[in-house]
>>> print(open('target-v9.txt').read())   # compact mmCIF, C-alpha atoms
# COMPACT_ATOMS: atom_id res chain seq x y z
CA MET A 980 -6.67 -75.88 -68.14
CA ALA A 981 -3.89 -75.28 -65.70
CA GLU A 982 -3.25 -77.58 -62.81
CA GLU A 983 -4.90 -76.58 -59.56
CA SER A 984 -2.66 -74.57 -57.28
CA SER A 985 -1.96 -76.34 -53.97
CA ARG A 986 -0.88 -73.26 -52.03
CA VAL A 987 -3.08 -72.09 -49.18
CA TRP A 988 -2.95 -68.45 -48.07
CA THR A 989 -3.81 -67.00 -44.66
CA ASP A 990 -5.22 -63.60 -43.67
CA ARG A 991 -5.48 -62.30 -40.13
CA TYR A 992 -8.61 -60.41 -39.04
CA GLU A 993 -9.31 -58.83 -35.70
CA VAL A 994 -12.43 -60.23 -34.04
CA VAL A 995 -15.00 -57.63 -32.93
CA PHE A 996 -17.61 -58.74 -30.38
CA ALA A 997 -21.06 -57.27 -29.95
CA PRO A 998 -21.34 -55.47 -26.57
CA ASP A 999 -24.22 -57.59 -25.30
CA VAL A 1000 -22.52 -60.98 -25.88
CA ALA A 1001 -18.82 -60.02 -25.64
CA LYS A 1002 -18.27 -61.22 -22.07
CA ASP A 1003 -20.04 -64.55 -22.55
CA ILE A 1004 -18.23 -65.44 -25.82
CA GLN A 1005 -14.80 -64.39 -24.56
CA ARG A 1006 -15.24 -66.36 -21.34
CA ARG A 1007 -16.13 -69.55 -23.23
CA TRP A 1008 -13.33 -69.08 -25.76
CA ARG A 1009 -10.74 -68.51 -23.04
CA LEU A 1010 -11.74 -71.81 -21.43
CA LEU A 1011 -11.78 -73.50 -24.81
CA LYS A 1012 -8.22 -72.54 -25.73
CA ASP A 1013 -7.07 -74.16 -22.50
CA ASP A 1014 -9.16 -77.24 -23.32
CA CYS A 1015 -7.35 -77.48 -26.66
CA ARG A 1016 -4.04 -77.66 -24.80
CA MET A 1017 -5.39 -80.37 -22.49
CA MET A 1018 -6.77 -82.38 -25.41
CA SER A 1019 -3.47 -82.21 -27.31
CA ASN A 1020 -1.59 -83.54 -24.27
CA ARG A 1021 -4.26 -86.18 -23.67
CA ILE A 1022 -3.82 -87.50 -27.21
CA LEU A 1023 -0.12 -88.07 -26.63
CA GLN A 1024 -0.77 -89.69 -23.25
CA ILE A 1025 -3.25 -92.19 -24.74
CA TRP A 1026 -0.87 -92.93 -27.61
CA ARG A 1027 2.05 -93.64 -25.23
CA GLN A 1028 -0.04 -95.78 -22.89
CA TRP A 1029 -1.39 -97.89 -25.76
CA HIS A 1030 2.13 -98.69 -27.00
CA GLU A 1031 3.25 -99.47 -23.41
CA ASP A 1032 0.39 -101.97 -23.06
CA LYS A 1033 1.41 -103.65 -26.32
CA GLY A 1034 5.04 -103.94 -25.21
CA HIS A 1035 6.40 -102.01 -28.16
CA PRO A 1036 9.13 -100.07 -26.23
CA ALA A 1037 10.71 -103.36 -25.04
CA MET A 1038 10.57 -104.84 -28.55
CA LEU A 1039 12.23 -101.76 -30.06
CA ALA A 1040 14.90 -101.66 -27.33
CA LYS A 1041 15.87 -105.29 -27.98
CA TRP A 1042 16.00 -104.70 -31.73
CA TRP A 1043 18.13 -101.57 -31.20
CA ARG A 1044 20.66 -103.29 -28.91
CA GLU A 1045 21.14 -106.22 -31.25
CA GLY A 1046 21.41 -104.23 -34.46
CA ARG A 1047 23.33 -101.07 -33.61
CA GLU A 1048 26.72 -102.84 -33.70
CA LYS A 1049 26.04 -104.60 -37.01
CA PRO A 1050 26.73 -103.04 -40.43
CA LYS A 1051 23.84 -101.22 -42.00
CA GLY A 1052 23.11 -103.90 -44.61
CA GLU A 1053 23.00 -106.74 -42.05
CA ARG A 1054 20.50 -105.16 -39.65
CA GLU A 1055 17.06 -106.69 -39.29
CA LYS A 1056 13.93 -104.69 -39.94
CA ALA A 1057 12.28 -102.97 -37.01
CA PRO A 1058 9.48 -105.02 -35.39
CA ILE A 1059 7.18 -101.98 -35.61
CA GLY A 1060 6.49 -100.29 -38.93
CA PRO A 1061 4.93 -96.93 -39.88
CA LYS A 1062 1.45 -98.47 -39.90
CA ASP A 1063 1.83 -99.42 -36.24
CA CYS A 1064 2.30 -95.80 -35.15
CA VAL A 1065 -1.44 -95.02 -35.09
CA PRO A 1066 -3.48 -98.08 -36.13
CA PRO A 1067 -7.26 -97.78 -36.59
CA GLU A 1068 -7.87 -99.35 -33.16
CA LEU A 1069 -5.78 -96.68 -31.42
CA SER A 1070 -7.29 -93.86 -33.50
CA LYS A 1071 -10.80 -94.92 -32.52
CA ARG A 1072 -9.79 -95.17 -28.86
CA ILE A 1073 -8.35 -91.64 -28.87
CA ARG A 1074 -11.46 -90.15 -30.46
CA ASP A 1075 -13.88 -91.96 -28.17
CA THR A 1076 -11.94 -90.90 -25.08
CA LEU A 1077 -11.80 -87.24 -26.06
CA HIS A 1078 -15.45 -87.09 -27.06
CA SER A 1079 -16.46 -88.51 -23.65
CA GLU A 1080 -14.04 -86.45 -21.51
CA PHE A 1081 -14.55 -83.17 -23.39
CA TYR A 1082 -18.22 -83.44 -24.25
CA HIS A 1083 -18.74 -79.66 -24.01
CA VAL A 1084 -16.39 -79.07 -26.98
CA TYR A 1085 -17.92 -79.17 -30.45
CA GLY A 1086 -17.16 -82.51 -32.10
CA ARG A 1087 -15.51 -81.16 -35.23
CA ILE A 1088 -12.97 -79.21 -33.17
CA VAL A 1089 -11.94 -82.46 -31.46
CA GLU A 1090 -11.53 -84.15 -34.85
CA LEU A 1091 -9.36 -81.33 -36.19
CA LEU A 1092 -7.11 -81.41 -33.11
CA VAL A 1093 -6.72 -85.19 -33.35
CA ASN A 1094 -5.86 -85.02 -37.06
CA THR A 1095 -3.28 -82.25 -36.57
CA THR A 1096 -1.59 -83.83 -33.53
CA LEU A 1097 -1.36 -87.32 -35.03
CA LYS A 1098 -0.09 -85.99 -38.36
CA THR A 1099 2.73 -84.14 -36.59
CA LEU A 1100 3.49 -87.24 -34.53
CA LYS A 1101 3.85 -89.41 -37.64
CA GLU A 1102 5.91 -87.03 -39.76
CA LYS A 1103 8.25 -85.47 -37.20
CA LYS A 1104 11.89 -86.59 -37.25
CA ASP A 1105 14.04 -87.17 -34.19
CA ALA A 1106 16.78 -84.83 -33.01
CA ASP A 1107 19.45 -86.57 -35.13
CA GLY A 1108 17.27 -86.41 -38.24
CA TRP A 1109 17.58 -90.01 -39.48
CA MET A 1110 14.91 -91.76 -37.38
CA LYS A 1111 11.20 -91.18 -36.95
CA GLY A 1112 10.45 -89.10 -33.89
CA TRP A 1113 7.83 -91.48 -32.47
CA VAL A 1114 10.29 -94.40 -32.70
CA ALA A 1115 12.92 -92.36 -30.81
CA VAL A 1116 10.34 -91.59 -28.11
CA LEU A 1117 9.48 -95.27 -27.62
CA LEU A 1118 13.20 -96.13 -27.56
CA GLY A 1119 13.84 -93.50 -24.90
CA ARG A 1120 16.33 -91.60 -27.05
CA GLN A 1121 14.35 -88.38 -26.62
CA SER A 1122 11.47 -87.09 -24.52
CA GLN A 1123 7.89 -86.89 -25.66
CA ASP A 1124 6.48 -83.57 -26.77
CA SER A 1125 4.11 -81.68 -24.54
CA PHE A 1126 2.01 -78.55 -24.90
CA GLU A 1127 2.67 -76.09 -22.09
CA ARG A 1128 0.91 -73.10 -23.63
CA TRP A 1129 -2.67 -72.77 -24.80
CA GLN A 1130 -3.43 -73.89 -28.34
CA PRO A 1131 -5.36 -72.15 -31.16
CA ILE A 1132 -8.98 -73.17 -31.68
CA PRO A 1133 -9.39 -74.80 -35.12
CA PHE A 1134 -12.49 -74.67 -37.30
CA ASP A 1135 -13.45 -75.24 -40.94
CA LYS A 1136 -16.48 -75.58 -43.19
CA ASN A 1137 -17.39 -78.97 -41.72
CA SER A 1138 -17.69 -77.35 -38.29
CA MET A 1139 -20.55 -75.23 -39.70
CA ALA A 1140 -18.31 -72.15 -39.94
CA GLU A 1141 -19.68 -69.60 -42.39
CA ILE A 1142 -18.79 -66.14 -43.67
CA LEU A 1143 -21.80 -63.80 -43.45
CA PRO A 1144 -22.22 -60.50 -45.33
CA PRO A 1145 -21.93 -57.15 -43.52
CA LEU A 1146 -25.05 -55.55 -42.11
CA GLU A 1147 -24.18 -52.14 -43.62
CA ASP A 1148 -22.46 -50.96 -46.78
CA ASN A 1149 -18.67 -51.38 -46.50
CA GLY A 1150 -19.18 -52.74 -42.99
CA ASN A 1151 -17.43 -55.59 -41.25
CA PHE A 1152 -18.00 -59.11 -42.53
CA ARG A 1153 -19.30 -61.57 -39.98
CA LEU A 1154 -18.14 -65.04 -38.96
CA LYS A 1155 -20.49 -67.71 -37.63
CA VAL A 1156 -18.85 -70.56 -35.72
CA ARG A 1157 -19.85 -73.36 -33.37
CA MET A 1158 -17.41 -73.95 -30.52
CA ASN A 1159 -19.39 -75.46 -27.62
CA ARG A 1160 -22.15 -78.00 -27.29
CA PHE A 1161 -24.53 -79.08 -24.53
CA ARG A 1162 -26.89 -81.93 -23.75
CA GLN A 1163 -30.60 -81.16 -23.71
CA GLU A 1164 -33.17 -82.69 -21.38
CA ASN A 1165 -34.36 -85.20 -23.98
CA GLY A 1166 -30.77 -86.44 -24.46
CA VAL A 1167 -30.23 -84.73 -27.79
CA SER A 1168 -27.07 -82.61 -27.97
CA GLY A 1169 -27.19 -79.03 -29.16
CA SER A 1170 -24.51 -76.51 -30.11
CA VAL A 1171 -23.93 -72.85 -29.26
CA VAL A 1172 -23.77 -70.55 -32.31
CA ASP A 1173 -21.40 -67.58 -32.01
CA VAL A 1174 -21.60 -64.71 -34.51
CA VAL A 1175 -18.77 -62.16 -34.41
CA GLU A 1176 -17.50 -59.45 -36.74
CA LEU A 1177 -14.17 -59.43 -38.56
CA ARG A 1178 -12.49 -56.04 -38.71
CA THR A 1179 -12.39 -54.82 -42.33
CA GLY A 1180 -13.12 -51.14 -41.73
CA TYR A 1181 -13.89 -48.35 -39.27
CA LYS A 1182 -16.63 -45.78 -38.74
CA ASP A 1183 -15.71 -42.12 -39.18
CA LYS A 1184 -17.11 -39.18 -37.24
CA THR A 1185 -20.20 -39.02 -39.47
CA GLY A 1186 -21.05 -42.67 -38.83
CA LYS A 1187 -20.08 -43.96 -42.31
CA TRP A 1188 -17.94 -47.02 -42.81
CA VAL A 1189 -14.45 -46.29 -44.16
CA ILE A 1190 -12.03 -48.94 -45.39
CA PRO A 1191 -8.45 -47.84 -44.63
CA LYS A 1192 -5.71 -48.36 -47.18
CA LYS A 1193 -4.01 -51.17 -45.24
CA LEU A 1194 -7.28 -53.20 -45.15
CA LYS A 1195 -8.46 -52.69 -48.74
CA SER A 1196 -6.71 -55.80 -50.07
CA GLN A 1197 -8.06 -57.92 -47.22
CA TYR A 1198 -11.57 -56.55 -47.81
CA SER A 1199 -11.42 -57.49 -51.51
CA ARG A 1200 -10.21 -61.01 -50.67
CA MET A 1201 -12.95 -61.40 -48.08
CA LYS A 1202 -15.54 -60.51 -50.71
CA ARG A 1203 -14.15 -63.24 -52.97
CA ILE A 1204 -14.21 -65.79 -50.16
CA PHE A 1205 -17.84 -64.89 -49.45
CA ALA A 1206 -18.73 -65.11 -53.17
CA GLY A 1207 -17.04 -68.53 -53.46
CA GLU A 1208 -14.29 -67.44 -55.85
CA TYR A 1209 -11.71 -68.42 -53.23
CA GLU A 1210 -12.16 -71.76 -51.47
CA PHE A 1211 -12.56 -71.46 -47.70
CA LYS A 1212 -10.15 -73.79 -45.89
CA GLY A 1213 -9.42 -74.84 -42.33
CA SER A 1214 -8.78 -71.84 -40.09
CA LYS A 1215 -8.23 -71.08 -36.40
CA LEU A 1216 -8.90 -68.55 -33.65
CA VAL A 1217 -5.83 -67.15 -31.89
CA PHE A 1218 -5.66 -65.05 -28.73
CA ASN A 1219 -2.95 -62.37 -28.54
CA GLU A 1220 -1.99 -61.91 -24.90
CA ARG A 1221 -0.02 -58.71 -25.48
CA LYS A 1222 -2.90 -56.94 -27.25
CA ASN A 1223 -5.59 -58.80 -25.28
CA LYS A 1224 -7.50 -59.41 -28.51
CA TRP A 1225 -8.81 -62.35 -30.51
CA PHE A 1226 -7.80 -62.81 -34.14
CA ALA A 1227 -9.23 -65.09 -36.82
CA MET A 1228 -6.62 -66.68 -39.10
CA LEU A 1229 -8.72 -67.38 -42.20
CA CYS A 1230 -7.20 -69.75 -44.74
CA TYR A 1231 -8.28 -69.75 -48.37
CA LYS A 1232 -7.17 -71.27 -51.65
CA GLN A 1233 -6.97 -69.20 -54.79
CA PRO A 1234 -7.89 -70.80 -58.12
CA ALA A 1235 -4.99 -71.45 -60.43
CA PRO A 1236 -4.74 -68.99 -63.34
CA ASP A 1237 -5.81 -70.27 -66.75
CA ALA A 1238 -3.11 -71.12 -69.23
CA VAL A 1239 -2.26 -68.20 -71.51
CA GLU A 1240 -1.81 -68.58 -75.25
CA MET A 1241 1.92 -68.37 -75.76
CA GLU A 1242 3.65 -67.07 -78.84
CA GLU A 1243 5.80 -69.83 -80.27
CA GLY A 1244 9.46 -68.96 -80.24
CA SER A 1245 9.01 -65.86 -78.06
CA VAL A 1246 11.89 -65.57 -75.61
CA ALA A 1247 12.59 -63.12 -72.77
CA ARG A 1248 16.03 -62.63 -71.25
CA LEU A 1249 16.52 -61.78 -67.59
CA VAL A 1250 20.01 -60.44 -66.91
CA PRO A 1251 21.42 -59.00 -63.64
CA GLY A 1252 22.27 -55.38 -64.38
CA ALA A 1253 25.42 -53.42 -63.63
CA LYS A 1254 23.51 -50.26 -62.60
CA GLU A 1255 20.12 -51.73 -61.63
CA PRO A 1256 18.96 -55.02 -60.05
CA LEU A 1257 17.59 -56.86 -63.12
CA ARG A 1258 17.05 -56.10 -66.79
CA LEU A 1259 14.26 -57.88 -68.67
CA SER A 1260 14.39 -57.90 -72.48
CA LEU A 1261 11.50 -59.33 -74.54
CA ARG A 1262 11.67 -61.26 -77.82
CA GLY A 1263 15.41 -61.07 -78.09
CA GLY A 1264 15.57 -57.28 -78.08
CA ARG A 1265 18.68 -55.57 -76.82
CA ARG A 1266 16.87 -52.69 -75.14
CA PRO A 1267 15.32 -53.69 -71.80
CA TYR A 1268 11.55 -53.79 -71.62
CA ALA A 1269 11.52 -53.32 -67.84
CA PHE A 1270 13.91 -52.77 -64.98
CA VAL A 1271 12.75 -55.44 -62.54
CA GLY A 1272 13.20 -54.18 -59.01
CA GLY A 1273 13.37 -50.52 -60.04
CA TYR A 1274 16.73 -48.84 -59.56
CA GLY A 1275 17.55 -50.61 -56.30
CA GLN A 1276 17.95 -47.71 -53.89
CA TYR A 1277 16.35 -49.79 -51.12
CA VAL A 1278 18.97 -52.54 -51.64
CA THR A 1279 21.73 -49.97 -51.15
CA HIS A 1280 20.12 -48.63 -47.99
CA GLN A 1281 19.55 -52.10 -46.54
CA ARG A 1282 23.16 -53.20 -47.12
CA GLN A 1283 24.62 -49.98 -45.70
CA GLN A 1284 22.44 -50.33 -42.62
CA LEU A 1285 23.55 -53.95 -42.24
CA LEU A 1286 27.28 -53.17 -42.58
CA ARG A 1287 26.99 -50.27 -40.19
CA GLY A 1288 25.37 -52.49 -37.60
CA VAL A 1289 28.03 -55.19 -38.01
CA ARG A 1290 30.83 -52.64 -37.65
CA VAL A 1291 29.31 -51.10 -34.50
CA ARG A 1292 28.77 -54.49 -32.86
CA ARG A 1293 32.31 -55.63 -33.61
CA GLU A 1294 33.74 -52.45 -32.15
CA SER A 1295 31.62 -52.81 -29.03
CA GLN A 1296 32.91 -56.34 -28.57
CA THR A 1297 36.52 -55.21 -29.14
CA TYR A 1298 36.34 -52.59 -26.42
CA ALA A 1299 34.08 -54.61 -24.11
CA SER A 1300 34.77 -54.82 -20.40
CA SER A 1301 36.10 -57.95 -18.74
CA SER A 1302 32.65 -58.80 -17.35
CA ARG A 1303 31.27 -59.05 -20.90
CA ARG A 1304 34.06 -61.28 -22.15
CA GLY A 1305 34.60 -64.98 -21.71
CA HIS A 1306 31.03 -66.09 -22.41
CA GLY A 1307 31.80 -68.03 -25.59
CA TYR A 1308 31.76 -67.47 -29.33
CA ARG A 1309 27.98 -67.66 -29.66
CA LYS A 1310 27.46 -64.93 -27.10
CA ALA A 1311 29.98 -62.64 -28.80
CA MET A 1312 28.73 -63.26 -32.34
CA GLY A 1313 25.03 -63.57 -31.57
CA ALA A 1314 24.16 -60.01 -32.62
CA ILE A 1315 26.12 -60.33 -35.87
CA ALA A 1316 24.45 -63.65 -36.69
CA LYS A 1317 21.08 -61.95 -36.24
CA LEU A 1318 22.04 -59.30 -38.81
CA LYS A 1319 23.15 -61.99 -41.25
CA ARG A 1320 19.78 -63.71 -40.93
CA ARG A 1321 18.10 -60.38 -41.57
CA TRP A 1322 20.06 -59.98 -44.82
CA SER A 1323 19.22 -63.52 -45.90
CA HIS A 1324 15.53 -62.85 -45.23
CA PHE A 1325 15.71 -59.59 -47.20
CA THR A 1326 17.31 -61.23 -50.26
CA GLY A 1327 14.72 -64.02 -50.20
CA GLN A 1328 11.86 -61.51 -50.15
CA CYS A 1329 13.34 -59.54 -53.05
CA ASN A 1330 13.91 -62.68 -55.13
CA SER A 1331 10.32 -63.83 -54.59
CA ARG A 1332 8.85 -60.42 -55.43
CA TRP A 1333 10.97 -59.98 -58.57
CA ALA A 1334 10.29 -63.52 -59.80
CA ALA A 1335 6.53 -62.95 -59.49
CA GLN A 1336 6.87 -59.67 -61.39
CA VAL A 1337 8.74 -61.35 -64.26
CA ALA A 1338 6.18 -64.17 -64.46
CA LYS A 1339 3.26 -61.71 -64.61
CA ILE A 1340 4.94 -59.65 -67.35
CA CYS A 1341 5.50 -62.79 -69.43
CA ARG A 1342 1.88 -63.83 -68.87
CA ASP A 1343 0.53 -60.48 -70.04
CA ARG A 1344 2.85 -60.36 -73.08
CA GLY A 1345 2.41 -64.01 -74.11
CA ILE A 1346 6.06 -64.95 -73.69
CA ALA A 1347 6.71 -68.69 -73.92
CA LYS A 1348 10.23 -68.88 -72.50
CA VAL A 1349 12.44 -66.99 -70.06
CA MET A 1350 16.21 -67.31 -70.08
CA TYR A 1351 17.76 -66.33 -66.76
CA TYR A 1352 21.49 -65.61 -66.91
CA GLN A 1353 22.85 -66.68 -63.54
CA PRO A 1354 26.30 -65.23 -62.69
CA HIS A 1355 28.67 -68.16 -62.30
CA CYS A 1356 32.08 -66.64 -61.56
CA ASP A 1357 33.60 -63.86 -59.47
CA ARG A 1358 34.51 -61.83 -62.52
CA ILE A 1359 30.85 -61.29 -63.43
CA THR A 1360 29.42 -61.36 -59.91
CA GLY A 1361 31.80 -58.64 -58.78
CA SER A 1362 30.51 -56.23 -61.44
CA ARG A 1363 26.76 -56.68 -60.80
CA PHE A 1364 24.73 -54.05 -58.98
CA LEU A 1365 23.24 -56.40 -56.38
CA SER A 1366 26.70 -57.62 -55.38
CA THR A 1367 28.42 -54.24 -55.11
CA THR A 1368 25.89 -51.59 -54.17
CA GLY A 1369 26.25 -50.17 -50.67
CA LYS A 1370 29.61 -51.81 -49.94
CA GLU A 1371 31.67 -48.60 -50.18
CA GLY A 1372 34.76 -50.51 -51.29
CA LYS A 1373 34.76 -52.86 -48.28
CA ARG A 1374 34.67 -56.62 -48.62
CA ASP A 1375 32.06 -58.46 -46.59
CA SER A 1376 29.87 -61.55 -46.68
CA SER A 1377 26.64 -59.83 -47.77
CA LEU A 1378 26.42 -61.74 -51.03
CA TRP A 1379 23.39 -62.17 -53.27
CA ASP A 1380 21.82 -65.59 -53.73
CA TRP A 1381 21.69 -65.87 -57.52
CA TYR A 1382 20.79 -69.56 -57.45
CA ALA A 1383 17.74 -68.91 -55.25
CA LEU A 1384 16.50 -66.36 -57.78
CA GLY A 1385 16.35 -69.07 -60.45
CA VAL A 1386 14.46 -71.40 -58.11
CA ARG A 1387 11.97 -68.68 -57.17
CA LEU A 1388 11.50 -67.88 -60.86
CA GLN A 1389 10.53 -71.48 -61.61
CA ASN A 1390 8.07 -71.54 -58.72
CA ALA A 1391 6.55 -68.21 -59.78
CA ALA A 1392 6.10 -69.50 -63.34
CA LYS A 1393 4.06 -72.46 -62.06
CA LYS A 1394 1.88 -70.19 -59.95
CA HIS A 1395 1.33 -67.06 -62.07
CA CYS A 1396 1.98 -68.25 -65.64
CA PRO A 1397 1.44 -71.97 -66.22
CA GLY A 1398 3.17 -73.13 -69.37
CA LEU A 1399 6.04 -70.66 -69.09
CA GLU A 1400 9.38 -72.38 -69.62
CA VAL A 1401 12.28 -71.20 -67.46
CA GLU A 1402 15.85 -71.89 -68.54
CA VAL A 1403 18.78 -71.10 -66.26
CA VAL A 1404 21.93 -70.25 -68.19
CA LYS A 1405 25.27 -70.20 -66.41
CA TRP A 1406 26.74 -66.81 -67.22
CA GLU A 1407 30.48 -67.10 -67.70
CA PRO A 1408 32.87 -64.66 -69.40
CA LYS A 1409 33.57 -65.41 -73.02
CA VAL A 1410 37.14 -65.98 -74.08
CA ALA A 1411 38.17 -64.19 -77.28
CA SER A 1412 39.24 -66.38 -80.15
CA GLY A 1413 42.70 -64.83 -80.39
CA SER A 1414 43.40 -64.65 -76.68
CA LYS A 1415 44.50 -68.25 -76.29
CA LYS A 1416 48.18 -68.90 -76.67
CA LYS A 1417 49.05 -71.09 -79.63
CA PRO A 1418 51.39 -74.01 -78.93
CA LYS A 1419 54.90 -73.47 -80.15
CA LYS A 1420 56.02 -75.53 -83.11
CA ARG A 1421 59.13 -77.58 -82.70
CA ARG A 1422 61.87 -76.96 -85.13
CA LYS A 1423 62.94 -79.80 -87.27
CA LYS A 1424 66.52 -80.83 -86.80
>>> encode(input="target-v9.txt", output="structure tokens")
Amino acid sequence: MAEESSRVWTDRYEVVFAPDVAKDIQRRWRLLKDDCRMMSNRILQIWRQWHEDKGHPAMLAKWWREGREKPKGEREKAPIGPKDCVPPELSKRIRDTLHSEFYHVYGRIVELLVNTTLKTLKEKKDADGWMKGWVAVLLGRQSQDSFERWQPIPFDKNSMAEILPPLEDNGNFRLKVRMNRFRQENGVSGSVVDVVELRTGYKDKTGKWVIPKKLKSQYSRMKRIFAGEYEFKGSKLVFNERKNKWFAMLCYKQPAPDAVEMEEGSVARLVPGAKEPLRLSLRGGRRPYAFVGGYGQYVTHQRQQLLRGVRVRRESQTYASSSRRGHGYRKAMGAIAKLKRRWSHFTGQCNSRWAAQVAKICRDRGIAKVMYYQPHCDRITGSRFLSTTGKEGKRDSSLWDWYALGVRLQNAAKKHCPGLEVEVVKWEPKVASGSKKKPKKRRKK
């Protein structure tokens, strides 16, 4: 069996409220998202106060002053280690305080917020990147984080969240969550159950449910989550201020594909083409089995659009008025840097999509090994389609990341075709046997 995939995927669904309970649920959720912000800040306040009471900032400051002038090998160890960041005593104090101050919030939501905030606090680096962030905060080298905007509302299976089937054929799936709790007269606490719909379709004029094309894939995945084929993971509710709508970010984990019986000795070759993006040949054949990435017209269009935008922005800066000049290099080159990031994002998306396509083809055909020929010199790179298309004879910096394609191919093999071996071959021009100059023989005197 293949190893279990560790990747978690997320789908966004619009939340649809029933007319009779819409105002009550939205009112409580709006207050709750603000409570999540207050709880996140309260966690950091309790953490800082606990370390102040223990005298840890003074201990770290003394250690820092004495050791910063010494060589790296002669410095003493810090008096506070990673285990002292959030010891069990402090963790219990944080949870007890939040449960007492925010009693109206469901207990599992408090636990999820505490776990997320403390995990970020432990793992985050400082601004320089070589010290733990929480140590830099106690030393006074940087300020403590704070949450100024409202926070998403987390939930998971342990918070009694459940996916319910639609009430009608092809209707919206339903989500049952518990967000608030209250204390009853006998002292026993109870929780408020909210049931809302997740948008997976619309009703037409005849009253029948219709699943639009853009929601069909989400509807099929929702059916698998409900059936248990996909594992339901921790999710959250997010409020979009611009649209004035609530959205459920549902996280799920797909099962890893079973290992496919591979043909021993079967090899596929992936070569960057001169007239198309990639050529895939199976079992050592010279004729390509598939043109991965099609014929690449979209790559040409994207590069031409990018170069046109760079040229226009440079001309506008050249003929800019005096009021637009003199604001620094970043201000002048900011628009061009944004276009460069757009090209980098585009190449990364293409590499990921093509690598997944190659891995699925090898899985279906039972190929055991893929040899990827990575261009390794300008002579070969300059003649490949992905490096030249759309340039119109002009030199620019819109290069293709050939190394990233090999990395994405290895990751896609682990995900889509376990057991597939990926070999990266550095593609260099061959030198003919008779092209090398022979050393001249000395004449005997």
>>> axis_aligned_box(input="target-v9.txt", around="stretch 1388-1400 of chain A", padding_each_side="4 Å", output="AutoDock Vina command-line options")
--center_x 6.4 --center_y -70.1 --center_z -64.2 --size_x 18.2 --size_y 14.1 --size_z 18.9
>>> atom_distance(input="target-v9.txt", atom1="atom CA of A:Pro1354", atom2="atom CA of A:Ala1253")
11.9 Å
>>> closest_residue(input="target-v9.txt", among="A:Asp1014, A:Glu1407, A:Asp1343, A:Glu1243", to="A:Glu1127", atoms="only C-alpha atoms")
A:Asp1014
>>> atom_distance(input="target-v9.txt", atom1="atom CA of A:Pro1234", atom2="atom CA of A:Pro1133")
23.4 Å
>>> atom_distance(input="target-v9.txt", atom1="atom CA of A:Tyr1231", atom2="atom CA of A:Val1171")
24.9 Å
>>> closest_residue(input="target-v9.txt", among="A:Lys1405, A:His1035, A:Arg986, A:Arg1074", to="A:Val1114", atoms="all atoms listed in the file")
A:His1035
>>> residues_around(input="target-v9.txt", residues="A:Lys1192", least_positions_apart="5", cutoff="12 Å", atoms="all atoms listed in the file", output="PyMOL selection string")
chain A and resi 1179-1181+1197-1199
>>> closest_residue(input="target-v9.txt", among="A:Glu1400, A:Asp1003, A:Glu1141, A:Glu1080", to="A:Arg1248", atoms="all atoms listed in the file")
A:Glu1400
>>> closest_residue(input="target-v9.txt", among="A:Thr1185, A:Leu1229, A:Arg1358, A:Lys1033", to="A:Pro1408", atoms="only C-alpha atoms")
A:Arg1358
>>> residues_around(input="target-v9.txt", residues="A:Asn1223", least_positions_apart="5", cutoff="12 Å", atoms="all atoms listed in the file", output="PyMOL selection string")
chain A and resi 993-994+1005+1009+1217-1218
>>> closest_residue(input="target-v9.txt", among="A:Leu1399, A:Cys1230, A:Ala1391, A:Ile1142", to="A:Asp990", atoms="all atoms listed in the file")
A:Cys1230
>>> residues_around(input="target-v9.txt", residues="A:Gln1328", least_positions_apart="6", cutoff="12 Å", atoms="all atoms listed in the file", output="JSON, numbers by chain")
{"A": [1272, 1278, 1321, 1322, 1334, 1335, 1379, 1380, 1383, 1384, 1387]}
>>> closest_residue(input="target-v9.txt", among="A:Asn1020, A:Ser1260, A:Ser1079, A:Asn1094", to="A:Ile1340", atoms="only C-alpha atoms")
A:Ser1260
>>> residues_around(input="target-v9.txt", residues="A:Pro1036", least_positions_apart="3", cutoff="6 Å", atoms="all atoms listed in the file", output="list in words")
Leu1039, Leu1117 and Leu1118 of chain A
>>> residues_around(input="target-v9.txt", residues="A:Lys1348", least_positions_apart="6", cutoff="10 Å", atoms="all atoms listed in the file", output="list in words")
Met1241, Glu1242, Glu1243, Gly1244, Ser1245, Val1246, Ala1247, Arg1248, Leu1261, Arg1262, Cys1341, Gly1398, Leu1399, Glu1400, Val1401 and Glu1402 of chain A
